[in-house]
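What follows is data_29.txt (compact mmCIF, C-alpha atoms).
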# COMPACT_ATOMS: atom_id res chain seq x y z
CA MET D 1 71.83 100.05 101.06
CA PRO D 2 71.28 103.53 102.60
CA ASP D 3 72.97 106.42 100.80
CA CYS D 4 75.12 107.26 103.84
CA MET D 5 76.60 103.75 103.85
CA GLN D 6 77.27 103.91 100.12
CA ASP D 7 78.98 107.27 100.63
CA GLN D 8 81.26 105.77 103.27
CA ILE D 9 82.16 102.84 101.03
CA TRP D 10 83.16 105.09 98.14
CA MET D 11 85.01 107.53 100.39
CA ARG D 12 86.98 104.69 101.94
CA ARG D 13 87.99 103.67 98.43
CA ALA D 14 89.17 107.24 97.86
CA ILE D 15 91.18 107.02 101.10
CA GLU D 16 92.78 103.76 99.90
CA LEU D 17 93.75 105.49 96.68
CA ALA D 18 95.23 108.46 98.55
CA GLN D 19 97.45 106.12 100.56
CA GLN D 20 99.17 105.05 97.35
CA GLY D 21 100.89 108.43 97.31
CA GLN D 22 101.96 108.44 100.95
CA TYR D 23 105.68 108.12 100.17
CA SER D 24 105.86 110.34 97.10
CA THR D 25 103.63 113.41 97.38
CA LYS D 26 105.63 115.52 99.87
CA PRO D 27 105.20 118.41 100.39
CA ASN D 28 101.76 118.04 98.83
CA PRO D 29 98.98 116.24 100.71
CA ASN D 30 97.79 112.71 99.97
CA VAL D 31 94.49 112.89 98.07
CA GLY D 32 92.23 110.31 96.45
CA CYS D 33 89.14 110.75 94.29
CA VAL D 34 86.39 108.42 93.07
CA ILE D 35 83.66 109.37 90.59
CA VAL D 36 80.44 107.36 90.79
CA LYS D 37 77.43 107.33 88.48
CA ASP D 38 74.31 105.24 88.92
CA GLY D 39 76.01 103.25 91.67
CA GLN D 40 79.04 102.38 89.53
CA MET D 41 82.59 103.68 89.71
CA VAL D 42 83.40 105.43 86.43
CA GLY D 43 86.69 107.08 87.37
CA GLU D 44 89.26 107.12 90.15
CA GLY D 45 92.70 108.47 90.84
CA PHE D 46 95.19 109.74 93.39
CA HIS D 47 97.84 112.46 93.50
CA PRO D 48 101.18 110.71 92.90
CA LYS D 49 103.75 113.49 93.19
CA ALA D 50 104.14 117.27 93.52
CA GLY D 51 103.93 118.87 90.08
CA GLN D 52 101.83 116.05 88.65
CA PRO D 53 98.02 116.22 88.22
CA HIS D 54 95.83 116.05 91.30
CA ALA D 55 93.59 113.11 92.16
CA GLU D 56 90.47 114.73 90.70
CA VAL D 57 92.18 115.17 87.32
CA PHE D 58 93.07 111.49 87.01
CA ALA D 59 89.54 110.49 88.05
CA MET D 60 87.91 112.91 85.58
CA ARG D 61 90.16 111.72 82.75
CA GLN D 62 89.10 108.14 83.40
CA ALA D 63 85.43 109.05 83.68
CA GLY D 64 85.33 111.21 80.56
CA GLU D 65 81.76 112.16 79.60
CA LEU D 66 80.42 109.82 82.30
CA ALA D 67 81.44 112.44 84.88
CA ARG D 68 78.50 114.59 83.82
CA GLY D 69 75.76 114.21 86.43
CA ALA D 70 77.95 111.95 88.59
CA THR D 71 79.07 112.21 92.23
CA ALA D 72 82.72 112.83 93.06
CA TYR D 73 84.18 111.62 96.36
CA VAL D 74 87.33 113.51 97.36
CA THR D 75 89.38 113.00 100.53
CA LEU D 76 90.42 116.69 100.74
CA GLU D 77 88.62 119.85 99.66
CA PRO D 78 89.38 120.47 95.95
CA CYS D 79 91.97 123.19 95.45
CA ALA D 80 90.80 126.63 94.35
CA HIS D 81 94.07 128.22 93.22
CA TYR D 82 96.47 128.07 90.30
CA GLY D 83 99.79 126.51 91.24
CA ARG D 84 101.74 124.06 89.12
CA THR D 85 98.31 122.67 88.16
CA PRO D 86 94.92 124.37 87.55
CA PRO D 87 92.30 124.46 90.35
CA CYS D 88 90.48 121.15 90.71
CA ALA D 89 87.26 122.82 91.89
CA LYS D 90 86.89 124.51 88.50
CA GLY D 91 87.76 121.24 86.76
CA LEU D 92 84.90 119.49 88.54
CA VAL D 93 82.54 122.28 87.50
CA GLU D 94 83.62 121.98 83.87
CA ALA D 95 83.23 118.18 84.02
CA GLY D 96 79.60 118.68 84.97
CA VAL D 97 79.45 116.61 88.15
CA ALA D 98 76.19 116.94 90.04
CA LYS D 99 77.51 116.40 93.56
CA VAL D 100 80.84 116.49 95.40
CA ILE D 101 81.36 114.77 98.72
CA VAL D 102 84.44 115.94 100.62
CA ALA D 103 85.96 114.16 103.61
CA CYS D 104 88.22 116.95 104.98
CA PRO D 105 88.06 120.71 104.55
CA ASP D 106 91.44 122.19 103.59
CA PRO D 107 92.79 124.81 106.06
CA ASN D 108 95.35 126.01 103.48
CA PRO D 109 94.64 129.78 103.22
CA LEU D 110 94.71 129.40 99.42
CA VAL D 111 91.75 126.99 99.69
CA ALA D 112 90.02 127.22 103.10
CA GLY D 113 86.45 126.92 101.88
CA LYS D 114 87.05 128.56 98.50
CA GLY D 115 86.99 125.19 96.71
CA VAL D 116 83.62 124.31 98.21
CA GLN D 117 82.30 127.79 97.40
CA ILE D 118 83.31 127.51 93.73
CA LEU D 119 81.36 124.26 93.51
CA ARG D 120 78.27 125.61 95.26
CA ASP D 121 78.31 128.81 93.21
CA ALA D 122 78.12 126.57 90.13
CA GLY D 123 75.01 124.85 91.49
CA ILE D 124 76.81 121.66 92.53
CA GLU D 125 75.59 120.01 95.71
CA VAL D 126 78.43 119.68 98.24
CA GLU D 127 78.61 117.61 101.41
CA VAL D 128 81.59 117.80 103.78
CA GLY D 129 82.60 115.45 106.59
CA ILE D 130 82.06 111.88 105.35
CA CYS D 131 84.85 109.72 106.90
CA GLN D 132 86.56 112.91 108.03
CA ASP D 133 88.53 111.35 110.90
CA GLU D 134 89.90 108.61 108.64
CA ALA D 135 90.82 111.06 105.90
CA HIS D 136 92.41 113.42 108.43
CA GLN D 137 94.94 110.70 109.29
CA LEU D 138 96.22 110.84 105.70
CA ASN D 139 97.62 114.34 106.14
CA LEU D 140 98.26 115.03 109.81
CA GLY D 141 101.30 117.18 109.10
CA PHE D 142 99.88 119.14 106.17
CA LEU D 143 96.62 119.90 107.95
CA LYS D 144 98.33 120.97 111.17
CA ALA D 145 100.89 123.12 109.36
CA MET D 146 98.24 124.88 107.27
CA ALA D 147 96.16 125.59 110.38
CA THR D 148 98.90 126.50 112.88
CA GLY D 149 102.24 127.01 111.13
CA MET D 150 103.71 124.10 113.11
CA PRO D 151 104.50 120.59 111.82
CA TYR D 152 103.19 117.29 113.18
CA VAL D 153 105.97 115.84 115.33
CA ARG D 154 106.45 112.13 115.99
CA LEU D 155 109.02 111.10 118.58
CA LYS D 156 110.33 107.56 118.15
CA ILE D 157 111.99 105.71 121.04
CA ALA D 158 113.17 102.09 121.11
CA SER D 159 113.70 100.77 124.62
CA SER D 160 113.97 97.70 126.80
CA LEU D 161 111.34 96.62 129.31
CA ASP D 162 113.21 98.59 131.96
CA GLY D 163 113.11 101.79 129.88
CA ARG D 164 116.69 101.74 128.62
CA THR D 165 117.73 102.83 125.15
CA ALA D 166 121.45 102.03 125.04
CA MET D 167 124.27 100.60 127.10
CA ALA D 168 126.39 102.99 129.15
CA SER D 169 128.95 102.96 126.33
CA GLY D 170 126.32 104.20 123.88
CA GLU D 171 125.95 100.83 122.14
CA SER D 172 122.33 100.44 120.99
CA LYS D 173 122.32 98.04 118.01
CA TRP D 174 119.96 96.33 118.20
CA ILE D 175 117.45 96.55 121.03
CA THR D 176 114.41 95.84 118.86
CA GLY D 177 114.04 93.14 116.21
CA SER D 178 113.85 93.36 112.43
CA ALA D 179 110.04 93.76 112.26
CA ALA D 180 110.13 96.84 114.51
CA ARG D 181 113.04 98.33 112.59
CA GLN D 182 111.18 97.77 109.33
CA ASP D 183 108.15 99.56 110.78
CA VAL D 184 110.34 102.58 111.53
CA GLN D 185 111.21 102.74 107.82
CA HIS D 186 107.56 103.48 107.04
CA TRP D 187 107.38 106.38 109.48
CA ARG D 188 110.63 107.83 108.14
CA ALA D 189 109.29 107.57 104.61
CA ILE D 190 106.19 109.64 105.36
CA SER D 191 108.27 112.29 107.15
CA GLY D 192 109.75 115.39 105.59
CA VAL D 193 112.68 115.34 107.99
CA VAL D 194 114.27 113.13 110.64
CA ILE D 195 115.80 115.10 113.52
CA THR D 196 118.63 113.76 115.65
CA GLY D 197 121.40 115.03 117.91
CA ILE D 198 125.11 115.03 117.23
CA ASP D 199 125.74 112.49 119.99
CA THR D 200 123.56 109.95 118.19
CA VAL D 201 125.44 110.53 114.93
CA LEU D 202 128.83 110.18 116.69
CA ALA D 203 127.76 107.03 118.54
CA ASP D 204 126.01 105.17 115.70
CA ASP D 205 127.33 106.82 112.50
CA CYS D 206 123.70 106.56 111.37
CA GLN D 207 122.22 107.64 108.04
CA LEU D 208 118.54 107.89 109.09
CA ASN D 209 117.35 107.37 105.52
CA VAL D 210 114.82 104.96 104.04
CA ARG D 211 116.48 101.77 102.82
CA HIS D 212 113.57 99.33 102.47
CA LEU D 213 109.79 99.58 102.41
CA ASN D 214 107.35 96.71 102.38
CA GLY D 215 105.52 96.63 99.06
CA VAL D 216 107.83 99.18 97.40
CA ASP D 217 110.28 97.76 94.87
CA ASP D 218 111.78 101.00 93.60
CA LEU D 219 112.84 103.50 96.27
CA GLU D 220 113.57 106.03 93.50
CA ASN D 221 109.83 106.78 93.50
CA ILE D 222 109.76 107.93 97.13
CA VAL D 223 110.77 111.32 98.53
CA GLN D 224 113.55 110.65 101.02
CA PRO D 225 113.34 112.66 104.26
CA LYS D 226 115.91 115.30 104.99
CA ARG D 227 118.13 114.59 108.01
CA LEU D 228 118.54 117.42 110.52
CA ILE D 229 121.38 117.25 113.05
CA LEU D 230 121.45 119.47 116.12
CA ASP D 231 125.17 120.20 116.46
CA ARG D 232 125.53 123.29 118.61
CA GLN D 233 129.32 122.95 118.95
CA GLY D 234 130.17 122.04 115.35
CA ARG D 235 131.36 118.49 116.03
CA LEU D 236 129.98 116.71 112.94
CA PRO D 237 132.91 114.96 111.21
CA LEU D 238 133.13 115.26 107.44
CA SER D 239 133.61 111.48 107.32
CA ALA D 240 130.14 110.79 108.79
CA LYS D 241 128.05 108.41 106.66
CA ILE D 242 125.10 110.78 106.86
CA LEU D 243 127.06 113.21 104.65
CA GLU D 244 127.19 110.71 101.77
CA ASP D 245 124.02 112.47 100.60
CA ALA D 246 124.99 115.90 101.90
CA ALA D 247 122.38 117.82 99.92
CA SER D 248 119.62 116.23 102.03
CA VAL D 249 121.29 117.11 105.33
CA ILE D 250 120.48 120.11 107.51
CA VAL D 251 122.74 121.08 110.40
CA MET D 252 121.73 123.46 113.17
CA GLY D 253 124.94 124.87 114.62
CA PRO D 254 127.75 127.33 113.97
CA PHE D 255 128.34 128.02 110.28
CA ARG D 256 131.03 125.82 108.74
CA GLN D 257 132.34 126.55 105.25
CA GLU D 258 133.35 122.92 104.72
CA LEU D 259 129.73 121.86 105.17
CA ALA D 260 128.54 124.59 102.83
CA ASP D 261 131.00 123.32 100.20
CA LEU D 262 129.35 119.90 100.44
CA GLY D 263 125.88 121.39 99.89
CA VAL D 264 124.66 120.98 103.47
CA ILE D 265 121.86 123.35 104.51
CA GLN D 266 122.83 125.19 107.69
CA PHE D 267 120.54 126.74 110.29
CA PRO D 268 121.67 129.02 113.10
CA VAL D 269 121.26 127.77 116.68
CA GLN D 270 117.72 128.62 117.78
CA PRO D 271 114.97 127.42 120.14
CA LEU D 272 113.28 124.16 119.14
CA LYS D 273 109.90 125.77 118.47
CA GLU D 274 111.45 128.32 116.12
CA LEU D 275 113.36 125.50 114.41
CA LEU D 276 110.11 123.67 113.71
CA GLN D 277 108.48 126.84 112.41
CA GLN D 278 111.42 127.42 110.07
CA LEU D 279 111.04 123.91 108.66
CA VAL D 280 107.42 124.70 107.76
CA GLN D 281 107.87 128.22 106.49
CA GLN D 282 111.09 127.87 104.52
CA HIS D 283 111.18 124.21 103.50
CA GLN D 284 107.54 123.06 103.38
CA ILE D 285 108.29 120.27 105.85
CA TYR D 286 105.10 119.31 107.62
CA ASP D 287 105.86 115.90 109.16
CA VAL D 288 108.79 115.64 111.55
CA MET D 289 110.25 112.48 113.06
CA ILE D 290 112.66 112.62 115.98
CA GLU D 291 115.14 109.78 116.48
CA ALA D 292 117.48 110.99 119.16
CA GLY D 293 118.93 110.31 122.59
CA ALA D 294 117.29 111.03 125.91
CA THR D 295 118.43 114.65 126.24
CA LEU D 296 116.99 115.88 122.94
CA SER D 297 113.88 113.67 123.20
CA THR D 298 113.21 115.00 126.69
CA ALA D 299 113.64 118.59 125.52
CA PHE D 300 110.99 118.17 122.80
CA LEU D 301 108.62 116.50 125.27
CA GLN D 302 109.06 119.06 128.03
CA GLU D 303 108.51 121.93 125.60
CA LYS D 304 105.25 120.22 124.54
CA LEU D 305 106.30 120.05 120.90
CA VAL D 306 105.53 116.35 120.42
CA ASP D 307 102.21 115.35 118.84
CA GLU D 308 102.78 111.60 119.00
CA LEU D 309 105.15 109.33 120.91
CA MET D 310 105.99 106.04 119.20
CA SER D 311 107.50 103.74 121.81
CA TYR D 312 108.96 100.45 120.59
CA VAL D 313 109.50 98.12 123.55
CA ALA D 314 111.65 95.00 123.29
CA PRO D 315 111.27 92.02 125.69
CA THR D 316 114.69 92.49 127.23
CA LEU D 317 116.31 94.01 130.32
CA LEU D 318 119.45 96.12 130.03
CA GLY D 319 120.11 96.98 133.67
CA ASN D 320 120.43 100.14 135.71
CA THR D 321 123.74 101.31 134.20
CA ALA D 322 122.22 101.48 130.71
CA ARG D 323 121.01 104.81 129.38
CA SER D 324 117.43 105.82 130.17
CA MET D 325 114.83 106.85 127.59
CA PHE D 326 113.90 110.02 129.48
CA ASN D 327 116.16 112.13 131.68
CA ALA D 328 114.02 114.89 133.19
CA ASN D 329 114.24 115.33 136.95
CA PHE D 330 110.78 115.41 138.49
CA SER D 331 110.10 115.65 142.20
CA LEU D 332 106.29 115.81 142.15
CA MET D 333 103.66 113.57 140.58
CA ALA D 334 102.06 116.73 139.21
CA GLU D 335 105.10 117.22 136.95
CA GLN D 336 104.68 113.92 135.12
CA LEU D 337 103.98 113.79 131.41
CA ARG D 338 100.91 111.69 130.69
CA PHE D 339 99.75 110.14 127.41
CA LYS D 340 96.63 108.62 125.92
CA LEU D 341 96.94 105.31 124.11
CA HIS D 342 96.24 105.59 120.38
CA ASP D 343 97.02 101.99 119.49
CA VAL D 344 99.21 98.98 120.31
CA THR D 345 100.79 96.75 117.66
CA GLN D 346 102.90 93.63 118.04
CA LEU D 347 105.89 93.55 115.68
CA GLY D 348 107.66 90.22 115.98
CA ASP D 349 108.53 89.92 119.66
CA ASP D 350 108.42 93.69 120.14
CA VAL D 351 105.45 95.96 120.85
CA ARG D 352 104.83 99.43 119.43
CA PHE D 353 102.80 101.89 121.47
CA ARG D 354 101.46 104.98 119.69
CA LEU D 355 100.70 107.57 122.36
CA ILE D 356 99.20 111.06 122.26
CA PRO D 357 100.23 113.61 124.91
CA SER D 358 97.42 114.18 127.40
CA GLN D 359 96.53 117.47 129.01
CA GLU D 360 95.07 115.62 131.99
CA THR D 361 96.81 115.54 135.36
CA LEU D 362 96.25 113.21 138.27

Using the file provided, produce a representation of the structure as structure tokens.
Amino acid sequence: MPDCMQDQIWMRRAIELAQQGQYSTKPNPNVGCVIVKDGQMVGEGFHPKAGQPHAEVFAMRQAGELARGATAYVTLEPCAHYGRTPPCAKGLVEAGVAKVIVACPDPNPLVAGKGVQILRDAGIEVEVGICQDEAHQLNLGFLKAMATGMPYVRLKIASSLDGRTAMASGESKWITGSAARQDVQHWRAISGVVITGIDTVLADDCQLNVRHLNGVDDLENIVQPKRLILDRQGRLPLSAKILEDAASVIVMGPFRQELADLGVIQFPVQPLKELLQQLVQQHQIYDVMIEAGATLSTAFLQEKLVDELMSYVAPTLLGNTARSMFNANFSLMAEQLRFKLHDVTQLGDDVRFRLIPSQETL
């Protein structure tokens, strides 16, 4: 088998390993590592949680002396700085590996090529870019935040065939079926925060937390997302279910001492873009999920702050008095917001569209 094909096989194994940390590593990135010698895997590992050893460390521990002269496959450029753990690039040098193959460069200013340089300065052969697109998907938020200071924003909407998200009364449980709702749990779990509006909280008394994940028996091992409520007029009732875990709640609105007493984090009212920047800079939140009504969802879309639209469509019709999924007033075709299809998945009787905003116009 050609070396390039072997490299892809081992890197895809490293990607599989990295995915094992997808619910627990926040705010750190998901990383996997495989060490191969003479065509055989001699060590592998992934980063399980912030503060714990990185993927390379687990792989090197397993490989032991067999790491000397071996090839290491890493999904993200090895770190070059001292944090809660020593730099992995130096660890690979000390282990005596002969070659390191990296899927994604790390735009983090603390790394940004320094990890690769440490390896090359030590005489280790380095190759970057094997399975890069696949590995990039592991850390969309982290990579975007390190490069731009902005998080990766997913907007989730559940609607009927006629584009309605709730009845005129606000009743919305349930438009989609259990399989679609279970899928949403996954996207919440990989997010650092779920953003909603006060009207959604008042209408549904929602908690927006992760309650069940396929293949995960113990939710104690995952990092629950924070819940951010946009409440410009200070209407959040202290009896709201979302405040049962008040320490994980953020409220953007006028300061309220009663919320502070509960441990709620409070942000001043500010533009949406500045809000997203604050989440990155002050709270290391890199993946944002929006589950809100039409007004807030439309605002994020019109300000071009959405990286991905996840549209769950149920095979039902709710009628023209039901609430629409999008409430902008356009008069020209040139004003429309267009998307490119990323993928389509059937979930029970429902369909999930993952869509990427397009810069193209008709």

Inset, instruction - Would you mind listing what lies within 8 Å of segment 342-356 of chain D as JSON, numbers by chain, with all atoms listed in the file counted and same-chain residues fewer than 5 positions away left out? - result: {"D": [176, 177, 178, 179, 180, 307, 308, 309, 310, 311, 312, 313, 314, 315]}

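If you measure from each of D:Gly192, D:Gly141, D:Pro151, D:Gly45 to Leu275 of chain D using all atoms listed in the file, the closest one turns out to be D:Pro151.
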
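Residue neighbourhood of Val269 of chain D, excluding near-sequence residues (fewer than 4 positions): Arg232, Met252, Gly253 and Pro254 of chain D, at 8 Å, using all atoms listed in the file.
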
Legend entry - Long-range neighbours of Leu140 of chain D as a PyMOL selection string, 9 Å cut-off, only C-alpha atoms, 6 positions minimum in chain: chain D and resi 151-152+286-287

Inset, instruction - Could you check how far atom CA of Thr75 of chain D sits from atom CA of Glu56 of chain D, in Å to one decimal? - result: 10.0 Å

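When atom CA of Val194 of chain D is paired with atom CA of Leu272 of chain D, their separation reads 14.0 Å.
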
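Reported to one decimal place, the separation of atom CA of Ile190 of chain D from atom CA of Ile9 of chain D is 25.3 Å.
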
Legend entry - Residues near segment 321-323 of chain D, cut-off 10 Å, all atoms listed in the file, skip fewer than 5 positions along chain, as a list in words: Ser159, Ser160, Asp162, Gly163, Arg164, Thr165, Ala166, Met167, Ala168, Ser169, Gly170, Glu171, Ser172, Gly293 and Ala294 of chain D

Inset, instruction - Compile the contact shell of segment 101-113 of chain D as a PyMOL selection string: residues with an atom at most 8 Å away, counting all atoms listed in the file, same-chain residues fewer than 2 positions apart removed. - result: chain D and resi 11+71-81+99+115-117+126-132+135-136+143+146-147

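Among the candidates D:Pro86, D:Gly96, D:Pro237, D:Gly149, the one nearest to Val201 of chain D when counting all atoms listed in the file is D:Pro237.
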
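Nearest to Pro48 of chain D of all the residues D:Gly21, D:Gly234, D:Gly123, D:Gly197 is D:Gly21, counting all atoms listed in the file.
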
Inset, instruction - Using only C-alpha atoms, pick whichever of D:Ala63, D:Val57, D:Ile222, D:Ala334 has the shortest atom-to-atom distance to Thr25 of chain D. - result: D:Ile222

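With all atoms listed in the file as the basis for measurement, D:Leu238 is the residue among D:Leu238, D:Gln207, D:Glu65, D:Val42 that approaches Gln257 of chain D most closely.
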
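Using all atoms listed in the file, the smallest distance between any of D:Val153, D:Ala70, D:Ala203, D:Val184 and Leu305 of chain D comes from D:Val153.
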
Legend entry - Expected answer as a PyMOL selection string: all residues with atoms within 7 Å of (87.6, 105.0, 92.6), only C-alpha atoms: chain D and resi 13-14+33-35+41+43-45
